[in-house]
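Enquirer: Pasting in a structure now, in structure tokens, and then I'll have a few things to ask.
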Amino acid sequence: MRTMTYSQAIYETMREEMARDPNVVLIGEDVGAFGGVWGVSGDLVTLYGEDRVRDTPISETAIVGAGLGAAMVGLRPIIEIMFGDFMPVAGDQLVNQVAKARYMSGGKAKIPLTIRVTTGAPGSAAAQHSQSPEGWFMNVPGLKVAVPATAADAMGLLRTAIRGEDPVLFFEHKMLYAVQGEVPDDADHATPFGEAVVRREGRDLTLVAIGGMLPMAMQAAQTLAGEGIEVEVVDPRTLVPLDKETILASVRKTSRLIIAHEAHKRLGPGAEIAAMVAEEGIGSLDGPIMRVAARNVPLPYSPDLERFVLPQVEDIVEAARGLVGYRL
Amino acid sequence: MRTMTYSQAIYETMREEMARDPNVVLIGEDVGAFGGVWGVSGDLVTLYGEDRVRDTPISETAIVGAGLGAAMVGLRPIIEIMFGDFMPVAGDQLVNQVAKARYMSGGKAKIPLTIRVTTGAPGSAAAQHSQSPEGWFMNVPGLKVAVPATAADAMGLLRTAIRGEDPVLFFEHKMLYAVQGEVPDDADHATPFGEAVVRREGRDLTLVAIGGMLPMAMQAAQTLAGEGIEVEVVDPRTLVPLDKETILASVRKTSRLIIAHEAHKRLGPGAEIAAMVAEEGIGSLDGPIMRVAARNVPLPYSPDLERFVLPQVEDIVEAARGLVGYRL
Amino acid sequence: MSETPYTTEMLLDLYHQMALVREFELRAINERRAGLIPGFIHSCVGQEATAVGACAALASDDVITSTHRGHGHLIAKGGEPRYMMAELAARTTGYCGGKGGSLHMTDFSLGILGANGIVAGGIPIATGAALAFQQKREPRVALAFFGDGATNEGAFHEALNLAGLWKLPAIFFCENNLYGEGTPQDKQAAVTDLAVRAEGYAMPGVTVDGNDVLAVYEATKTAADRARRGDGPTLIVAKTYRQRGHYEGDPMVYRSRAEMDDWKQHDPVPDFRVRLLAEFGVSESEITGVEGRVQAALDEAVAFAAASPKPEPETALAGVYADTHDGLVF
Amino acid sequence: MSETPYTTEMLLDLYHQMALVREFELRAINERRAGLIPGFIHSCVGQEATAVGACAALASDDVITSTHRGHGHLIAKGGEPRYMMAELAARTTGYCGGKGGSLHMTDFSLGILGANGIVAGGIPIATGAALAFQQKREPRVALAFFGDGATNEGAFHEALNLAGLWKLPAIFFCENNLYGEGTPQDKQAAVTDLAVRAEGYAMPGVTVDGNDVLAVYEATKTAADRARRGDGPTLIVAKTYRQRGHYEGDPMVYRSRAEMDDWKQHDPVPDFRVRLLAEFGVSESEITGVEGRVQAALDEAVAFAAASPKPEPETALAGVYADTHDGLVF
Ligand SMILES: Cc1ncc(C[n+]2csc(CCOP(=O)(O)OP(=O)(O)O)c2C)c(N)n1
Ligand SMILES: Cc1ncc(C[n+]2csc(CCOP(=O)(O)OP(=O)(O)O)c2C)c(N)n1
Ligand SMILES: [Mg+2]
Ligand SMILES: [Mg+2]
């Protein structure tokens, strides 16, 4: 085991996969000399050259489309979109081209395309630089959606994405970049998609925490443990495919469910998890399914307003207390 | 009361509102001489001139952005996007500009902008011309989402949208255009947003049917009535704002819920309704919340495949039978 | 009879393909009326010379992206009428097993990266293929077909800028048929000469008679050679005309009969036939021989499609992912 | 002292605004370090002449859309430093009540339709405003500010085509500061002379020294007159330089100190000061008077911002809709 930051884990994975396979390239705005606006790509351009680490114009549609076309004829492009907020600028390529290319071709196309996107509010970045788009494309069949919450998963899921044959939206939470974590030494460490992990066992309630919410969830669980409430924290790791079984099994055990994500509450990814459990696991529920998420307003600039809009540890704690006290 | 098609109701509303207010304009691809690809705008260009009924280049980003800018300085544009599938081509303007302009300005901007979009599968139009994007923008605060299912609501909701001060995504289901319906004579007939309507009363289960699914829901209810199952059909009419109360009240009465929509099941609009009820109305449920929706694959071209992927009347009937038989 | 660089074999092959495209469209239209074909058709009748001339200048391992009006492009790039007709008929034997239809026919083995239902949607994709060829040092070219209307989409601009900036081996082939659906080209673009836009992307902009298959061939050949030399992309604007409606059933209220009749006088297929006889000394019998083979091929294609099985409903769930997650509905 | 069409009053006013922009940026940077300002700042230090020269050529009821580097545009269009500083400090008295911040400052009463956090995002919006003016037969003009990098976004292309096609009263003002974040302009656009792109939209493309406030003023005035006459839009490309980082804190590894020092020799604010004295016979005392007022205005602005209340958390829910649905969280 090594210890490194979430950001380093992503960098190392890219570096290793680029060393391993000449068809792996990195394409995005300022991924070269600048080293990536979030510093993730670092010195990759000096290691692999401007040919394989391409700075692009500010042309998200062309960037994503080029990644798709390149993937169709043999490259394994990694695309970097510096803020998830900009995904709609490339909306058509993501929704109508990348997601559907394989199906429309009758299952012939192979699209080994990894789209790295940052997500979450970095703090007072306001409405166009703070969004969490994890759910925006879940209603569009054909894409896979990864939401790594630890350094090890950032590495393992990214490697799976790069070596796989399907397009992946890989969401990197800005506030996790600096978080340290243990990472396996195995140079082939890959995390399968569709396998959730229980981060903490508990009998009283199930807390599904998505991406950047994991640290907050663990903190809330700590606090609640102090009050005798044992929380089971489940990290889905990928939203598409979704590991229903692990979530349902936990709910069968705890009979209570809270879903926490930073995306807005209305039709955020938690809605699908809640709806799935309400359909397939309602029998084991002893209370309402709660969602702790951002309120349904654009992200404001003011720190005071932003804090009110975004989900906080206390929001999880309160929801848990209420739920445990609830009687159907 | 007059009888007319859903399509005529939309046409008449536009014609009347354009006569009433010179600031109302129609902008879109082939809305002029062509009369709209779906024939909805008809002769409006001959009535109001090319100045107020503008054929545009194939430039969805510019069309939506122009509508926004024009709305900011006093026009009340109606934008037509010929297929909802093309909304992602204008993704940034919809998600980051139109939806947020008011909030980002501190609540100062008024955006009287109506975006008319067609939705649903017209039959063998394949993956890029058959989608139901009603849910795609529900996670983006700032937009209102209307899903009229009858001629009267098409007229009433459109009038509310045109006369209102907020941006509205107005989804017109292609298969409803030719459906006849009664429409009030009142030239000011307007349907408020956020008020669902019970289309059929029933004690055994609540069936929330969105947009194009309403006729199928009524048909299914008919069949089920024959088996002694009384279905209460609820038409939400708008998804944002959502009339939770009418839905919750119905569920309190029937204790069973099925949500039907043509959008894909995974994180389709039904997921939010299911999650909302699972949070606010779970106590009154006697069974799982079912969703009858398109399967999670792109829409195929073949009629046989397409029929399998899209929700059918029988799917609703079966779900209802199963649910009524269910014991928690 | 003029001196010519073209062999009779090549000339007849060009004519064969043009006739095949024309006949394919007419048959498809009939079979749609007859009920064999469930979906919409955007026919390219009148635009055979652009598709055939352009693809004739490409190597078999070069690639194209096509459009909603793509049957001609596909046939010209080697697509087989039988598999195309089967796809239109939504059969398992079709190019996409019935999942794609007219708008999405694809055959990677032929370098056909896909038709597209989104105007301008294929342009960035072809650009990406060209990027891969440059990266892998492969002497291959990617050609994007698109219409005049597509040049007003942002995707066109971003892709051409990227290709010009990186000197990618790409060809941007605009079929200017004067209309985008019901809206004339001069009501869509601020400029009528679309080739001038090339200057903004530091690439040559060439305008050519799109109804002259040899002129199209030459222009595309020059662009392909240039691309292979590493000198970068070219924008070709081929002037042509859509003889039929935007889609089959289009009332065409937006244009005059006179205009349409006028253009029928410059019909690329019969025009080329006349030239073959008059200018290139090809014999009538050679031509009728080709025409006979075209008819036979399409009789066979229609029969093949009609006889092919329809897909089993459950197979709709396959083809989403390349791995074990395929077919699961989560 | 040369003959000049400019009154001393106008010249001093231009200098006043340029000095105000420069000083506003420097103060904002300090106040951010000091903790008054929570968010990021993309300063326009070195680009004062473009903002001031362009807006000086507009009428008060003309409108602009701005960018992430928009403080100069806002001040030049009449924005008051106190309300701007208050917005940066996220106070209720700010232009957006603390909801927008640097990237989204807006004041419709001043014709400021909003800064924008999306590159090229404001260009279609300005185009729409111009459409409304044409429609309502109002003699007003809409000007969109954007950077060189923005010219490679599809939104730029679609909007300019629409404006050129409809001859809208719009001005597309490109501040070419040679970089988009860390990537030089010649690694982003296939052409270095961005003005050539205007030809593709049937509008004039004008290149101007963006560090010469009078040259910018004249070019914009000509474009505005043209637009008001109904002759359509103009693309203006103003060459300038971003003296500081893309954002405050940018390590600027992507450019050389030599290049930066070089450009400091063409600093628009001191350069204009020199010209006022030498070329236009403005007196030192008049200039120092202006400079005194600038300092005073910013002392006041900072004090005003610091003294203003922070918003109540619950007010975050307001401002989404214009009707009774506002504030509801459904
Ligand atoms: C993004 C997008 N917008 C609109 C449409 C609807 N549409 C299909 S074809 C077409 C006209 C295209 O014109 P052009 O590019 O000239 O091609 P042509 O049909 O003339 O061959 C339009 C508007 C679409 N398919 N995609
Ligand atoms: C659509 C989009 N892509 C990327 C970004 C990130 N970004 C912010 S400013 C910037 C550079 C813009 O360059 P330019 O247009 O030249 O303006 P400048 O910063 O030089 O004033 C980039 C890439 C963004 N805000 N929006
Ligand atoms: Mg055309
Ligand atoms: Mg710049």
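Going by the structure tokens order, chains are called A, B, ..., each with residues numbered from 1, while ligands are numbered from 1 in the order shown.
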Based on only C-alpha atoms, which of the residues in chain C come within 9 Å of chain B? I want them as a PyMOL selection string.

Expert: chain C and resi 38-40+87-91+97-104+116-119+149-155+180-183+185+187-189+251-254+310-320+327-330

Enquirer: Might you pull out every residue within 10 Å of range 226-232 of chain B, with only C-alpha atoms counted and same-chain residues fewer than 2 positions away left off, and present them as JSON, numbers by chain?

Expert: {"B": [198, 199, 200, 201, 202, 203, 204, 205, 206, 207, 208, 217, 218, 220, 221, 222, 223, 224, 234, 235, 250, 251, 253, 254, 256, 257, 258, 317, 320, 321, 324]}

Enquirer: Based on the selection just made, write N, CA and C atoms of those residues as an mmCIF file, in the first residue's frame.

Expert:
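Listed below is the output, out.cif:
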```cif
data_model
loop_
_atom_site.group_PDB
_atom_site.id
_atom_site.type_symbol
_atom_site.label_atom_id
_atom_site.label_comp_id
_atom_site.auth_asym_id
_atom_site.auth_seq_id
_atom_site.Cartn_x
_atom_site.Cartn_y
_atom_site.Cartn_z
ATOM 1 N N VAL B 198 -56.931 15.263 -11.457
ATOM 2 C CA VAL B 198 -57.326 13.854 -11.422
ATOM 3 C C VAL B 198 -58.205 13.593 -12.641
ATOM 4 N N ARG B 199 -57.720 12.766 -13.557
ATOM 5 C CA ARG B 199 -58.435 12.519 -14.813
ATOM 6 C C ARG B 199 -59.521 11.463 -14.652
ATOM 7 N N ARG B 200 -59.376 10.680 -13.603
ATOM 8 C CA ARG B 200 -60.322 9.583 -13.392
ATOM 9 C C ARG B 200 -60.188 9.202 -11.933
ATOM 10 N N GLU B 201 -61.311 9.072 -11.240
ATOM 11 C CA GLU B 201 -61.240 8.734 -9.825
ATOM 12 C C GLU B 201 -61.204 7.221 -9.648
ATOM 13 N N GLY B 202 -60.562 6.793 -8.596
ATOM 14 C CA GLY B 202 -60.498 5.354 -8.332
ATOM 15 C C GLY B 202 -59.954 5.111 -6.944
ATOM 16 N N ARG B 203 -60.352 4.021 -6.329
ATOM 17 C CA ARG B 203 -59.961 3.793 -4.929
ATOM 18 C C ARG B 203 -58.773 2.851 -4.792
ATOM 19 N N ASP B 204 -58.495 2.068 -5.848
ATOM 20 C CA ASP B 204 -57.534 0.973 -5.669
ATOM 21 C C ASP B 204 -56.075 1.326 -5.890
ATOM 22 N N LEU B 205 -55.821 2.169 -6.847
ATOM 23 C CA LEU B 205 -54.425 2.583 -7.008
ATOM 24 C C LEU B 205 -54.315 3.894 -7.761
ATOM 25 N N THR B 206 -53.229 4.593 -7.493
ATOM 26 C CA THR B 206 -52.960 5.870 -8.131
ATOM 27 C C THR B 206 -52.016 5.645 -9.297
ATOM 28 N N LEU B 207 -52.410 6.158 -10.441
ATOM 29 C CA LEU B 207 -51.574 6.047 -11.628
ATOM 30 C C LEU B 207 -51.234 7.460 -12.104
ATOM 31 N N VAL B 208 -49.982 7.871 -11.878
ATOM 32 C CA VAL B 208 -49.542 9.177 -12.356
ATOM 33 C C VAL B 208 -49.043 8.992 -13.779
ATOM 34 N N ALA B 217 -52.867 5.486 -20.170
ATOM 35 C CA ALA B 217 -53.260 5.286 -18.779
ATOM 36 C C ALA B 217 -54.778 5.157 -18.679
ATOM 37 N N MET B 218 -55.492 5.996 -19.420
ATOM 38 C CA MET B 218 -56.959 5.944 -19.378
ATOM 39 C C MET B 218 -57.451 4.613 -19.936
ATOM 40 N N ALA B 220 -55.749 1.780 -19.980
ATOM 41 C CA ALA B 220 -55.419 0.742 -18.996
ATOM 42 C C ALA B 220 -56.439 0.760 -17.860
ATOM 43 N N ALA B 221 -56.800 1.960 -17.421
ATOM 44 C CA ALA B 221 -57.761 2.088 -16.321
ATOM 45 C C ALA B 221 -59.093 1.459 -16.721
ATOM 46 N N GLN B 222 -59.457 1.680 -17.971
ATOM 47 C CA GLN B 222 -60.688 1.106 -18.522
ATOM 48 C C GLN B 222 -60.645 -0.421 -18.401
ATOM 49 N N THR B 223 -59.577 -0.980 -18.929
ATOM 50 C CA THR B 223 -59.408 -2.434 -18.879
ATOM 51 C C THR B 223 -59.469 -2.944 -17.442
ATOM 52 N N LEU B 224 -58.757 -2.265 -16.570
ATOM 53 C CA LEU B 224 -58.675 -2.721 -15.170
ATOM 54 C C LEU B 224 -60.023 -2.600 -14.471
ATOM 55 N N VAL B 234 -53.823 10.373 -12.291
ATOM 56 C CA VAL B 234 -53.423 11.748 -11.986
ATOM 57 C C VAL B 234 -52.500 12.257 -13.088
ATOM 58 N N ASP B 235 -52.827 13.420 -13.627
ATOM 59 C CA ASP B 235 -52.017 14.078 -14.645
ATOM 60 C C ASP B 235 -51.335 15.278 -13.997
ATOM 61 N N SER B 250 -53.913 11.498 -3.337
ATOM 62 C CA SER B 250 -54.420 10.321 -4.046
ATOM 63 C C SER B 250 -53.818 9.046 -3.471
ATOM 64 N N VAL B 251 -52.503 9.098 -3.178
ATOM 65 C CA VAL B 251 -51.838 7.913 -2.622
ATOM 66 C C VAL B 251 -52.382 7.599 -1.223
ATOM 67 N N LYS B 253 -55.283 7.956 -0.372
ATOM 68 C CA LYS B 253 -56.577 7.320 -0.609
ATOM 69 C C LYS B 253 -56.429 5.893 -1.143
ATOM 70 N N THR B 254 -55.522 5.700 -2.082
ATOM 71 C CA THR B 254 -55.427 4.381 -2.749
ATOM 72 C C THR B 254 -54.347 3.480 -2.148
ATOM 73 N N ARG B 256 -51.577 2.863 -3.171
ATOM 74 C CA ARG B 256 -50.737 2.215 -4.183
ATOM 75 C C ARG B 256 -50.388 3.221 -5.278
ATOM 76 N N LEU B 257 -49.148 3.122 -5.795
ATOM 77 C CA LEU B 257 -48.713 4.108 -6.791
ATOM 78 C C LEU B 257 -47.947 3.474 -7.944
ATOM 79 N N ILE B 258 -48.377 3.845 -9.142
ATOM 80 C CA ILE B 258 -47.636 3.525 -10.362
ATOM 81 C C ILE B 258 -47.398 4.847 -11.084
ATOM 82 N N VAL B 317 -51.217 -2.284 -17.261
ATOM 83 C CA VAL B 317 -52.228 -3.218 -16.750
ATOM 84 C C VAL B 317 -51.575 -4.291 -15.885
ATOM 85 N N ALA B 320 -50.340 -2.965 -12.595
ATOM 86 C CA ALA B 320 -51.468 -2.689 -11.694
ATOM 87 C C ALA B 320 -51.973 -3.976 -11.061
ATOM 88 N N ARG B 321 -52.132 -5.017 -11.890
ATOM 89 C CA ARG B 321 -52.612 -6.306 -11.350
ATOM 90 C C ARG B 321 -51.662 -6.792 -10.268
ATOM 91 N N VAL B 324 -51.925 -4.595 -7.039
ATOM 92 C CA VAL B 324 -53.145 -4.781 -6.242
ATOM 93 C C VAL B 324 -53.087 -6.113 -5.499
#
```

Enquirer: For chain A, work out the contacting residues on chain B at 6 Å, counting only C-alpha atoms, and write them as a PyMOL selection string.

Expert: chain B and resi 88-89+91-92+139+141+266-268+271-272+274-275+278-279+282-283+288-290+296-298+328

Enquirer: Neighbours of Ser109 in chain D within 12 Å (only C-alpha atoms; same-chain residues fewer than 4 positions away dropped), as a PyMOL selection string?

Expert: (chain B and resi 72-73+108-109) or (chain D and resi 60-64+77-79+95+113-114)

Enquirer: At a cut-off of 8 Å, list the chain C residues touching chain D, using only C-alpha atoms, as a ChimeraX atom specification.

Expert: /C:152-158,161-162,164-166,187-191,194,196-197,199-202

Enquirer: Just want the 8 Å neighbourhood of Ala129 in chain D, counted on only C-alpha atoms, with same-chain residues fewer than 2 positions away dropped. Output as a list of chain:residue names.

Expert: B:Ala66, B:Gly69, B:Ala70, B:Ala71, B:Met72, B:Val73, D:Val63, D:Ile125, D:Ala126, D:Thr127, D:Leu131, D:Ala132, D:Phe133, D:Ala142

Enquirer: Throw together the list of residues within 6 Å of ligand 3, counting only C-alpha atoms and all ligand atoms, and drop it here as an MDAnalysis selection string.

Expert: chainID C and resid 147:149 176:180

Enquirer: Write the selection just made, keeping C-alpha atoms, as a PDB file, in the first residue's frame?

Expert:
```pdb
ATOM      1  CA  GLY C 147     -25.099  19.813 -45.998  1.00  0.00           C
ATOM      2  CA  ASP C 148     -25.136  23.563 -46.489  1.00  0.00           C
ATOM      3  CA  GLY C 149     -27.389  23.958 -43.483  1.00  0.00           C
ATOM      4  CA  ASN C 176     -24.765  22.523 -50.982  1.00  0.00           C
ATOM      5  CA  ASN C 177     -28.167  21.568 -52.348  1.00  0.00           C
ATOM      6  CA  LEU C 178     -29.542  25.068 -51.745  1.00  0.00           C
ATOM      7  CA  TYR C 179     -31.940  24.092 -48.976  1.00  0.00           C
ATOM      8  CA  GLY C 180     -32.036  22.972 -45.389  1.00  0.00           C
TER       9      GLY C 180
END
```

Enquirer: Can you list, as a short mmCIF file (atom, residue, chain, number, x, y, z; two decimals) with N, CA and C atoms, in the first residue's frame, all residues belonging to range 99-201 of chain A that DSSP tags as strand (DSSP E)?

Expert:
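Here's the written file states_39.cif:
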```cif
data_model
loop_
_atom_site.label_atom_id
_atom_site.label_comp_id
_atom_site.auth_asym_id
_atom_site.auth_seq_id
_atom_site.Cartn_x
_atom_site.Cartn_y
_atom_site.Cartn_z
N THR A 114 -12.73 7.76 -22.21
CA THR A 114 -12.88 8.16 -20.81
C THR A 114 -12.99 9.68 -20.75
N ILE A 115 -14.10 10.15 -20.19
CA ILE A 115 -14.31 11.59 -20.10
C ILE A 115 -14.20 12.00 -18.64
N ARG A 116 -13.06 12.61 -18.31
CA ARG A 116 -12.81 13.07 -16.95
C ARG A 116 -13.44 14.43 -16.76
N VAL A 117 -14.25 14.55 -15.72
CA VAL A 117 -14.99 15.78 -15.48
C VAL A 117 -14.86 16.13 -14.00
N THR A 118 -14.65 17.41 -13.71
CA THR A 118 -14.64 17.77 -12.29
C THR A 118 -16.06 18.11 -11.87
N THR A 119 -16.36 17.84 -10.61
CA THR A 119 -17.70 18.09 -10.10
C THR A 119 -17.62 18.71 -8.71
N LYS A 144 -21.54 5.15 -19.03
CA LYS A 144 -21.32 4.66 -17.67
C LYS A 144 -20.91 5.86 -16.83
N VAL A 145 -21.27 5.82 -15.56
CA VAL A 145 -21.01 6.98 -14.70
C VAL A 145 -20.28 6.53 -13.44
N ALA A 146 -19.03 7.01 -13.29
CA ALA A 146 -18.21 6.66 -12.14
C ALA A 146 -18.09 7.87 -11.21
N VAL A 168 -17.13 6.33 -20.65
CA VAL A 168 -17.32 6.52 -19.21
C VAL A 168 -17.26 8.01 -18.87
N LEU A 169 -18.25 8.46 -18.11
CA LEU A 169 -18.17 9.79 -17.50
C LEU A 169 -17.56 9.59 -16.13
N PHE A 170 -16.38 10.15 -15.93
CA PHE A 170 -15.61 9.93 -14.71
C PHE A 170 -15.59 11.23 -13.90
N PHE A 171 -16.36 11.26 -12.83
CA PHE A 171 -16.52 12.50 -12.06
C PHE A 171 -15.52 12.61 -10.92
N GLU A 172 -14.69 13.63 -11.00
CA GLU A 172 -13.68 13.89 -9.98
C GLU A 172 -14.13 15.06 -9.13
N HIS A 173 -14.32 14.79 -7.82
CA HIS A 173 -14.79 15.87 -6.97
C HIS A 173 -13.65 16.81 -6.58
N GLN A 180 -5.84 12.59 1.13
CA GLN A 180 -4.91 11.45 1.08
C GLN A 180 -5.66 10.14 1.24
N GLY A 181 -5.10 9.11 0.66
CA GLY A 181 -5.71 7.79 0.84
C GLY A 181 -4.73 6.70 0.49
N GLU A 182 -4.99 5.50 0.98
CA GLU A 182 -4.12 4.38 0.67
C GLU A 182 -4.49 3.82 -0.70
N VAL A 183 -3.44 3.43 -1.42
CA VAL A 183 -3.63 2.92 -2.77
C VAL A 183 -2.81 1.64 -2.92
N VAL A 197 -19.41 -0.48 -2.24
CA VAL A 197 -18.63 -0.96 -1.11
C VAL A 197 -19.21 -0.36 0.18
N VAL A 198 -19.24 -1.18 1.21
CA VAL A 198 -19.70 -0.70 2.52
C VAL A 198 -18.50 -0.10 3.23
N ARG A 199 -18.55 1.20 3.46
CA ARG A 199 -17.41 1.91 4.05
C ARG A 199 -17.41 1.80 5.58
N ARG A 200 -18.55 1.47 6.10
CA ARG A 200 -18.68 1.42 7.57
C ARG A 200 -19.92 0.59 7.84
#
```

Enquirer: Range 95-244 of chain D: which residues are alpha helix (DSSP H) by DSSP, as a VMD selection string?

Expert: chain D and resid 123 to 135 154 to 166 213 to 228

Enquirer: Excluding range 50-54 of chain A and residues on its chain fewer than 5 positions from it, collect all residues at most 8 Å away from it, counting only C-alpha atoms, and give them as a PyMOL selection string.

Expert: (chain A and resi 24-28+31-32+44-45) or (chain C and resi 135)

Enquirer: Take the residues from that selection and write them out as a PDB file, in the first residue's frame, keeping N, CA and C atoms.

Expert:
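What follows is the written file out14.pdb:
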```pdb
ATOM      1  N   VAL A  24      -3.248   5.400 -25.678  1.00  0.00           N
ATOM      2  CA  VAL A  24      -3.887   6.255 -24.677  1.00  0.00           C
ATOM      3  C   VAL A  24      -3.347   7.672 -24.818  1.00  0.00           C
ATOM      4  N   VAL A  25      -4.262   8.622 -25.030  1.00  0.00           N
ATOM      5  CA  VAL A  25      -3.865  10.034 -25.182  1.00  0.00           C
ATOM      6  C   VAL A  25      -4.740  10.874 -24.252  1.00  0.00           C
ATOM      7  N   LEU A  26      -4.253  12.060 -23.927  1.00  0.00           N
ATOM      8  CA  LEU A  26      -5.003  12.982 -23.073  1.00  0.00           C
ATOM      9  C   LEU A  26      -5.291  14.256 -23.868  1.00  0.00           C
ATOM     10  N   ILE A  27      -6.566  14.617 -23.915  1.00  0.00           N
ATOM     11  CA  ILE A  27      -6.986  15.770 -24.726  1.00  0.00           C
ATOM     12  C   ILE A  27      -7.840  16.689 -23.872  1.00  0.00           C
ATOM     13  N   GLY A  28      -7.486  17.969 -23.836  1.00  0.00           N
ATOM     14  CA  GLY A  28      -8.314  18.896 -23.076  1.00  0.00           C
ATOM     15  C   GLY A  28      -7.720  20.289 -23.026  1.00  0.00           C
ATOM     16  N   VAL A  31      -4.314  21.057 -20.530  1.00  0.00           N
ATOM     17  CA  VAL A  31      -3.795  19.841 -19.885  1.00  0.00           C
ATOM     18  C   VAL A  31      -2.280  19.724 -20.077  1.00  0.00           C
ATOM     19  N   GLY A  32      -1.735  20.534 -20.982  1.00  0.00           N
ATOM     20  CA  GLY A  32      -0.296  20.460 -21.292  1.00  0.00           C
ATOM     21  C   GLY A  32       0.561  21.306 -20.371  1.00  0.00           C
ATOM     22  N   LEU A  44       2.692  15.437 -17.486  1.00  0.00           N
ATOM     23  CA  LEU A  44       2.476  14.403 -18.507  1.00  0.00           C
ATOM     24  C   LEU A  44       2.934  14.859 -19.890  1.00  0.00           C
ATOM     25  N   VAL A  45       2.797  16.141 -20.186  1.00  0.00           N
ATOM     26  CA  VAL A  45       3.194  16.609 -21.518  1.00  0.00           C
ATOM     27  C   VAL A  45       4.702  16.498 -21.709  1.00  0.00           C
TER      28      VAL A  45
ATOM     29  N   GLN C 135      -1.960  10.876 -35.266  1.00  0.00           N
ATOM     30  CA  GLN C 135      -1.289  10.374 -34.073  1.00  0.00           C
ATOM     31  C   GLN C 135      -0.558   9.071 -34.342  1.00  0.00           C
TER      32      GLN C 135
END
```

Enquirer: Using only C-alpha atoms and all ligand atoms, which residue out of C:Glu9, C:Asp250, C:Glu218, C:Glu23 lies closest to ligand 1?

Expert: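 Closest candidate: C:Asp250.
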
Enquirer: In terms of the shortest atom-to-atom distance over only C-alpha atoms and all ligand atoms, which of C:Arg22, C:Arg137, C:His246, C:Arg27 is closest to ligand 1?

Expert: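 The answer is C:His246, which sits nearest to ligand 1.
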
Enquirer: Name all residues at most 10 Å from Trp263 in chain C (count only C-alpha atoms; drop same-chain ones fewer than 6 positions away) and give them as a ChimeraX atom specification.

Expert: /C:46,240-243,257

Enquirer: Restricting the calculation to only C-alpha atoms, which member of A:Pro192, A:Thr246, A:Val147, A:Pro184 is positioned closest to Leu214 in chain A?

Expert: A:Val147

Enquirer: Rank D:Cys55, D:Pro309, D:Leu12, D:Glu300 by their smallest atom-to-atom distance to Ala224 in chain D, using only C-alpha atoms, and report the top residue only.

Expert: D:Cys55

Enquirer: Restricting the calculation to only C-alpha atoms and all ligand atoms: of B:Met1, B:Ala152, B:Ile81, B:Ala178, which residue gets closest to ligand 1?

Expert: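 That would be B:Ile81, the residue with the smallest distance to ligand 1.
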
Enquirer: Report, in Å with one decimal, the straight-line distance from CA of Asp243 in chain A to CA of Met18 in chain A.

Expert: 29.6 Å
